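Q: Here you go, my_file.csv (CSV, C-alpha atoms):
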chain,number,residue,atom,x,y,z
P,1,MET,CA,11.8,30.9,-6.4
P,2,GLU,CA,15.5,29.9,-6.9
P,3,GLY,CA,16.4,26.8,-8.9
P,4,GLY,CA,18.9,24.1,-7.9
P,5,ALA,CA,17.7,20.9,-9.5
P,6,MET,CA,16.5,18.5,-6.8
P,7,ARG,CA,17.1,21.1,-4.1
P,8,GLY,CA,13.8,22.4,-5.6
P,9,LEU,CA,12.0,19.8,-3.6
P,10,PHE,CA,12.6,22.1,-0.7
P,11,THR,CA,10.5,24.7,-2.6
P,12,CYS,CA,7.8,22.2,-3.2
P,13,GLY,CA,7.4,21.7,0.6
P,14,VAL,CA,7.2,25.5,1.0
P,15,ILE,CA,4.6,26.0,-1.6
P,16,ASP,CA,2.4,23.1,-0.4
P,17,VAL,CA,2.3,24.6,3.1
P,18,LEU,CA,1.4,28.0,1.6
P,19,MET,CA,-1.4,26.4,-0.4
P,20,GLU,CA,-2.7,24.6,2.7
P,21,ASN,CA,-2.9,27.9,4.5
P,22,ASP,CA,-4.6,29.8,1.7
P,23,ILE,CA,-1.7,32.2,1.3
P,24,THR,CA,-1.8,33.7,-2.2
P,25,PHE,CA,0.3,36.2,-4.1
P,26,ASP,CA,-0.3,38.8,-6.9
P,27,GLY,CA,2.7,37.5,-8.8
P,28,GLY,CA,5.6,35.0,-8.8
P,29,ALA,CA,8.7,34.1,-10.7
P,30,GLY,CA,10.7,30.9,-11.0
P,31,ILE,CA,14.1,30.0,-12.4
P,32,SER,CA,14.9,26.4,-13.5
P,33,ALA,CA,13.5,24.0,-10.8
P,34,GLY,CA,11.8,27.1,-9.3
P,35,ALA,CA,9.9,27.4,-12.6
P,36,VAL,CA,9.0,23.8,-13.4
P,37,PHE,CA,8.1,23.0,-9.8
P,38,GLY,CA,6.8,26.5,-8.8
P,39,CYS,CA,4.2,26.6,-11.6
P,40,ASN,CA,2.2,24.2,-9.6
P,41,PHE,CA,1.5,27.0,-7.1
P,42,LYS,CA,-0.4,28.9,-9.8
P,43,SER,CA,-2.3,25.8,-11.0
P,44,ARG,CA,-3.0,25.0,-7.3
P,45,GLN,CA,-1.9,21.4,-7.6
P,46,HIS,CA,-0.9,20.5,-4.1
P,47,GLY,CA,1.7,17.8,-3.9
P,48,ARG,CA,2.0,17.2,-7.6
P,49,PRO,CA,5.8,17.9,-8.1
P,50,LEU,CA,6.7,15.7,-5.2
P,51,ARG,CA,4.4,13.0,-6.5
P,52,TYR,CA,5.8,12.8,-10.0
P,53,ASN,CA,9.4,13.1,-8.7
P,54,LEU,CA,8.9,10.1,-6.4
P,55,ASN,CA,7.1,8.1,-9.1
P,56,TYR,CA,9.5,8.7,-12.0
P,57,CYS,CA,12.9,9.5,-10.4
P,58,LYS,CA,14.2,6.0,-11.3
P,59,ASP,CA,13.0,6.2,-14.9
P,60,PRO,CA,16.1,6.7,-17.2
P,61,ARG,CA,14.2,9.3,-19.1
P,62,TYR,CA,14.0,11.4,-16.0
P,63,GLY,CA,17.5,12.7,-15.4
P,64,SER,CA,20.1,10.3,-16.5
P,65,PHE,CA,23.1,10.2,-18.9
P,66,ILE,CA,21.3,7.4,-20.8
P,67,SER,CA,18.8,10.2,-21.7
P,68,VAL,CA,21.7,12.5,-22.6
P,69,LEU,CA,23.1,9.9,-25.0
P,70,LYS,CA,19.7,9.0,-26.5
P,71,THR,CA,18.1,12.5,-26.8
P,72,GLY,CA,20.8,15.1,-26.0
P,73,ASP,CA,18.9,16.1,-22.9
P,74,LEU,CA,19.5,15.1,-19.3
P,75,PHE,CA,15.8,15.2,-18.8
P,76,ASP,CA,14.1,13.6,-21.9
P,77,ALA,CA,12.0,16.6,-23.3
P,78,ASP,CA,9.2,14.5,-24.7
P,79,PHE,CA,8.8,12.5,-21.5
P,80,CYS,CA,9.1,15.4,-19.0
P,81,TYR,CA,7.3,18.1,-20.9
P,82,ARG,CA,4.6,16.0,-22.7
P,83,GLU,CA,4.1,12.6,-21.4
P,84,VAL,CA,4.2,13.4,-17.7
P,85,PRO,CA,2.1,16.7,-17.7
P,86,GLU,CA,-0.4,15.5,-20.4
P,87,VAL,CA,-0.8,11.8,-19.6
P,88,LEU,CA,0.9,10.4,-16.5
P,89,ASP,CA,0.3,13.2,-14.0
P,90,PRO,CA,-1.7,15.9,-15.8
P,91,PHE,CA,-0.9,19.6,-15.3
P,92,ASP,CA,-4.1,21.6,-14.7
P,93,ALA,CA,-3.6,24.2,-17.5
P,94,LYS,CA,-7.2,25.4,-17.1
P,95,ALA,CA,-6.7,26.2,-13.4
P,96,PHE,CA,-3.3,27.8,-14.2
P,97,GLY,CA,-4.8,30.0,-16.8
P,98,GLU,CA,-7.8,31.1,-14.6
P,99,ASN,CA,-5.6,32.0,-11.6
P,100,PRO,CA,-5.1,35.8,-11.8
P,101,MET,CA,-1.6,35.5,-10.2
P,102,GLU,CA,1.1,36.5,-12.7
P,103,PHE,CA,3.8,33.9,-13.1
P,104,TYR,CA,7.1,34.7,-14.8
P,105,VAL,CA,9.8,32.3,-16.0
P,106,GLY,CA,13.4,33.3,-16.8
P,107,ALA,CA,15.7,31.6,-19.4
P,108,THR,CA,19.1,32.7,-20.7
P,109,ASN,CA,19.3,33.8,-24.3
P,110,ILE,CA,22.5,32.1,-25.3
P,111,GLU,CA,23.2,34.6,-28.1
P,112,SER,CA,23.0,37.7,-25.9
P,113,GLY,CA,23.9,36.2,-22.6
P,114,ILE,CA,20.9,37.9,-21.0
P,115,CYS,CA,18.2,36.3,-18.9
P,116,GLU,CA,14.8,37.0,-20.5
P,117,TYR,CA,11.5,36.7,-18.7
P,118,HIS,CA,8.2,35.3,-20.1
P,119,LEU,CA,4.8,36.0,-18.5
P,120,CYS,CA,3.0,32.7,-18.6
P,121,SER,CA,-0.6,32.9,-19.7
P,122,ASP,CA,-2.2,29.4,-20.1
P,123,GLY,CA,0.3,26.8,-19.1
P,124,LEU,CA,0.3,25.3,-22.6
P,125,LYS,CA,2.8,25.1,-25.5
P,126,GLU,CA,4.7,28.4,-25.3
P,127,ASP,CA,4.7,28.5,-21.5
P,128,THR,CA,6.0,24.9,-21.4
P,129,LEU,CA,8.8,25.8,-23.8
P,130,TRP,CA,9.9,28.6,-21.5
P,131,MET,CA,9.8,26.4,-18.5
P,132,ARG,CA,11.8,23.7,-20.3
P,133,ALA,CA,14.4,26.3,-21.4
P,134,SER,CA,14.7,27.7,-17.9
P,135,ALA,CA,15.5,24.2,-16.6
P,136,SER,CA,17.9,23.2,-19.4
P,137,MET,CA,21.4,23.0,-17.9
P,138,PRO,CA,24.4,23.7,-20.2
P,139,LEU,CA,26.4,20.8,-21.4
P,140,VAL,CA,23.7,18.2,-20.6
P,141,SER,CA,20.8,19.9,-22.4
P,142,LYS,CA,20.1,21.1,-26.0
P,143,PRO,CA,19.3,24.8,-26.3
P,144,VAL,CA,15.6,25.3,-26.6
P,145,LYS,CA,14.4,27.3,-29.6
P,146,ILE,CA,11.7,29.9,-28.9
P,147,ASN,CA,10.6,32.5,-31.5
P,148,GLY,CA,13.8,32.1,-33.5
P,149,HIS,CA,16.2,32.4,-30.5
P,150,TYR,CA,17.9,29.8,-28.4
P,151,TYR,CA,17.7,29.5,-24.6
P,152,LEU,CA,19.2,27.6,-21.7
P,153,ASP,CA,19.0,27.6,-17.9
P,154,GLY,CA,17.9,30.9,-16.5
P,155,GLY,CA,20.2,30.3,-13.5
P,156,VAL,CA,23.2,31.0,-15.7
P,157,VAL,CA,22.4,34.8,-15.3
P,158,ASP,CA,19.5,35.2,-12.8
P,159,SER,CA,19.6,32.3,-10.3
P,160,ILE,CA,17.4,34.4,-8.0
P,161,PRO,CA,14.7,36.3,-9.9
P,162,TYR,CA,14.2,38.8,-7.1
P,163,HIS,CA,15.5,42.0,-8.8
P,164,TYR,CA,13.3,41.3,-11.9
P,165,MET,CA,10.2,41.3,-9.7
P,166,LYS,CA,11.3,44.6,-8.2
P,167,THR,CA,11.5,46.1,-11.7
P,168,LEU,CA,7.9,45.2,-12.2
P,169,GLY,CA,6.8,47.1,-9.1
P,170,TYR,CA,6.6,44.2,-6.6
P,171,ASP,CA,7.9,45.8,-3.5
P,172,ARG,CA,7.2,43.1,-0.9
P,173,ASN,CA,8.6,39.7,-1.9
P,174,LEU,CA,8.8,36.3,-0.3
P,175,VAL,CA,12.0,34.8,-1.6
P,176,VAL,CA,12.4,31.0,-1.5
P,177,LEU,CA,16.1,30.0,-1.7
P,178,THR,CA,17.5,26.5,-1.8
P,179,GLN,CA,20.9,27.3,-0.1
P,180,PRO,CA,21.4,28.0,3.6
P,181,GLU,CA,22.4,31.3,5.2
P,182,GLY,CA,26.1,32.0,4.7
P,183,PHE,CA,26.3,30.2,1.4
P,184,VAL,CA,28.8,31.7,-1.1
P,185,LYS,CA,28.8,30.5,-4.6
P,186,LYS,CA,32.2,29.7,-6.1
P,187,LYS,CA,33.2,29.6,-9.8
P,188,ALA,CA,31.9,26.4,-11.4
P,189,ASN,CA,34.6,23.9,-12.5
P,190,ALA,CA,32.6,23.5,-15.8
P,191,ALA,CA,32.6,27.2,-16.6
P,192,THR,CA,35.7,27.0,-18.9
P,193,LEU,CA,34.4,23.7,-20.5
P,194,ILE,CA,31.1,25.3,-21.3
P,195,LYS,CA,32.9,28.3,-22.8
P,196,VAL,CA,34.8,26.0,-25.1
P,197,VAL,CA,31.9,23.7,-26.0
P,198,MET,CA,29.6,26.7,-26.6
P,199,ARG,CA,32.2,28.8,-28.4
P,200,LYS,CA,29.7,29.8,-31.0
P,201,TYR,CA,27.9,31.7,-28.3
P,202,PRO,CA,30.6,33.9,-26.6
P,203,GLU,CA,28.1,35.9,-24.6
P,204,LEU,CA,27.0,32.7,-22.9
P,205,GLY,CA,30.6,31.9,-22.1
P,206,LYS,CA,31.1,35.3,-20.6
P,207,ALA,CA,28.0,34.9,-18.4
P,208,MET,CA,29.2,31.5,-17.2
P,209,GLU,CA,32.6,33.0,-16.2
P,210,VAL,CA,30.9,35.5,-13.8
P,211,ARG,CA,27.9,33.4,-12.8
P,212,HIS,CA,29.2,33.0,-9.3
P,213,GLU,CA,29.8,36.7,-8.9
P,214,ARG,CA,26.3,37.6,-10.1
P,215,TYR,CA,24.7,35.0,-7.8
P,216,ASN,CA,26.5,36.4,-4.8
P,217,GLU,CA,25.5,40.0,-5.8
P,218,GLN,CA,21.8,38.9,-6.1
P,219,LEU,CA,21.9,37.2,-2.8
P,220,LYS,CA,23.4,40.3,-1.1
P,221,GLU,CA,20.6,42.4,-2.6
P,222,VAL,CA,17.9,40.1,-1.2
P,223,GLU,CA,19.5,39.9,2.2
P,224,GLU,CA,19.9,43.7,2.4
P,225,ASP,CA,16.3,44.2,1.4
P,226,GLU,CA,15.2,41.7,4.0
P,227,LYS,CA,16.9,43.9,6.7
P,228,LYS,CA,14.9,46.9,5.3
P,229,GLY,CA,11.6,45.0,5.5
P,230,PHE,CA,11.1,44.7,1.7
P,231,ALA,CA,11.8,41.0,1.5
P,232,LEU,CA,11.3,37.8,3.5
P,233,ILE,CA,13.7,34.9,2.9
P,234,ILE,CA,12.7,31.3,3.4
P,235,ARG,CA,15.6,28.9,3.1
P,236,PRO,CA,16.9,25.6,4.5
P,237,PRO,CA,18.8,25.7,7.8
P,238,GLU,CA,21.8,23.9,6.4
P,239,SER,CA,23.0,22.5,3.1
P,240,LEU,CA,20.5,20.1,1.6
P,241,LYS,CA,23.2,17.7,0.3
P,242,ILE,CA,21.1,16.2,-2.4
P,243,GLY,CA,22.3,15.2,-5.9
P,244,ARG,CA,21.1,17.1,-9.0
P,245,THR,CA,19.6,13.9,-10.3
P,246,GLU,CA,18.8,12.2,-7.0
P,247,LYS,CA,17.2,8.8,-7.5
P,248,ASP,CA,16.7,7.9,-3.8
P,249,ARG,CA,13.0,8.5,-3.0
P,250,ARG,CA,13.8,8.8,0.7
P,251,GLU,CA,16.2,11.7,-0.1
P,252,LEU,CA,13.6,13.5,-2.2
P,253,GLU,CA,11.0,13.1,0.5
P,254,ARG,CA,13.6,14.3,3.1
P,255,VAL,CA,14.3,17.6,1.3
P,256,TYR,CA,10.5,18.1,0.7
P,257,GLN,CA,9.9,17.7,4.4
P,258,ILE,CA,12.6,20.2,5.3
P,259,GLY,CA,10.7,22.7,3.1
P,260,ARG,CA,7.5,21.9,4.9
P,261,LYS,CA,9.0,22.2,8.4
P,262,VAL,CA,10.8,25.5,7.7
P,263,SER,CA,7.7,27.1,6.2
P,264,GLU,CA,5.4,25.9,9.0
P,265,GLU,CA,7.8,27.4,11.5
P,266,ARG,CA,7.7,30.7,9.6
P,267,LEU,CA,4.0,30.8,8.9
P,268,GLU,CA,3.3,33.7,11.3
P,269,ASP,CA,6.3,35.6,9.9
P,270,ILE,CA,5.0,35.1,6.4
P,271,ARG,CA,1.5,36.3,7.3
P,272,SER,CA,2.7,39.3,9.1
P,273,PHE,CA,5.1,40.2,6.3
P,274,LEU,CA,2.4,40.0,3.6
P,275,LYS,CA,0.1,42.2,5.6
P,276,GLY,CA,2.7,44.9,5.5
Taking this structure as input, can you express it in the form of structure tokens?

A:
Amino acid sequence: MEGGAMRGLFTCGVIDVLMENDITFDGGAGISAGAVFGCNFKSRQHGRPLRYNLNYCKDPRYGSFISVLKTGDLFDADFCYREVPEVLDPFDAKAFGENPMEFYVGATNIESGICEYHLCSDGLKEDTLWMRASASMPLVSKPVKINGHYYLDGGVVDSIPYHYMKTLGYDRNLVVLTQPEGFVKKKANAATLIKVVMRKYPELGKAMEVRHERYNEQLKEVEEDEKKGFALIIRPPESLKIGRTEKDRRELERVYQIGRKVSEERLEDIRSFLKG
């Protein structure tokens, strides 16, 4: 599951339809929004990520520069990774842990510039740290410390975690993208700024410089494998045109519904593909 901030509501629509139709997988991987929203597939919490996005999108602790000024994070870590999942809209860690589906989360080690993957086990403290790290965007998030190393957004290196799943032996993969067919990623305007601000971590800067090239290579690999029958891509029919910190509930719902519509239209394709 690709990331993409609030484009991830498209993925939420897809996974809800999959759950409604009892479609399951041996394993899954998520990057950034694909991790923090996609984990609800393993915990079998239909509708949860849409619900808390609609309920808290206007809260300044949930994606605002007020939060950046107060906490150093665009998404207040305590609010998003403790208060929401533990109190306001509980994450079912028990169901997550009991589901035999493997779930991997990727985050970029800012010292090495490599995306490292963590196999989530129980949905609790360490898993949550990896999900938070995976979704921590450079410049607007503090690096997340895990086992003595620091991590940021997995999408800096592996926006699409498809190749990693192949290395684990998964040879038939449903790939949920949040950009339409024909999309070509261009070099980010902030790449040079990130390189300057994060100059203590030159490998991260190098990764940012070529992020667009890596993304386009990863996308090409998925599309070529789809032609060979090894992958099936689910993606929006056109650009979702939604802000990274969208506050309009109607826009969040709109993107979610597009995900539902596309996956409902592709249900038979998905079933046939998974049967092999």

Q: Fewer than 6 positions away in the same chain doesn't count, so skip those; otherwise give me all residues within 6 Å of range 20-37 of chain P, counting only C-alpha atoms, as JSON, numbers by chain.

A: {"P": [1, 2, 3, 5, 8, 49, 101, 102, 103, 104, 105, 106, 131, 134, 135, 154]}

Q: Looking at only C-alpha atoms, which of P:Pro90, P:Pro138, P:Gly63, P:Gly97 is the one that sits closest to Leu193 in chain P?

A: P:Pro138

Q: Between CA of Met6 in chain P and CA of Ala93 in chain P, what is the spacing in Å?

A: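 Between CA of Ala93 in chain P and CA of Met6 in chain P the gap works out to 23.5 Å.
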
Q: Hey, what's within 12 Å of Met198 in chain P if we count only C-alpha atoms and toss same-chain stuff fewer than 5 positions away? As number ranges by chain, please?

A: P: 110-111, 113, 138-143, 152, 190-193, 203-208

Q: Can you pull out every residue within 12 Å of Glu213 in chain P, counting all atoms listed in the file, but drop anything in the same chain fewer than 6 positions away, and send it as a PDB file with C-alpha atoms, keeping the file's coordinate frame?

A:
ATOM      1  CA  VAL P 156      23.200  31.000 -15.700  1.00  0.00           C
ATOM      2  CA  VAL P 157      22.400  34.800 -15.300  1.00  0.00           C
ATOM      3  CA  ASP P 158      19.500  35.200 -12.800  1.00  0.00           C
ATOM      4  CA  SER P 159      19.600  32.300 -10.300  1.00  0.00           C
ATOM      5  CA  VAL P 184      28.800  31.700  -1.100  1.00  0.00           C
ATOM      6  CA  LYS P 185      28.800  30.500  -4.600  1.00  0.00           C
ATOM      7  CA  LYS P 186      32.200  29.700  -6.100  1.00  0.00           C
ATOM      8  CA  LYS P 187      33.200  29.600  -9.800  1.00  0.00           C
ATOM      9  CA  ALA P 188      31.900  26.400 -11.400  1.00  0.00           C
ATOM     10  CA  LYS P 206      31.100  35.300 -20.600  1.00  0.00           C
ATOM     11  CA  ALA P 207      28.000  34.900 -18.400  1.00  0.00           C
ATOM     12  CA  LEU P 219      21.900  37.200  -2.800  1.00  0.00           C
ATOM     13  CA  LYS P 220      23.400  40.300  -1.100  1.00  0.00           C
TER      14      LYS P 220
END
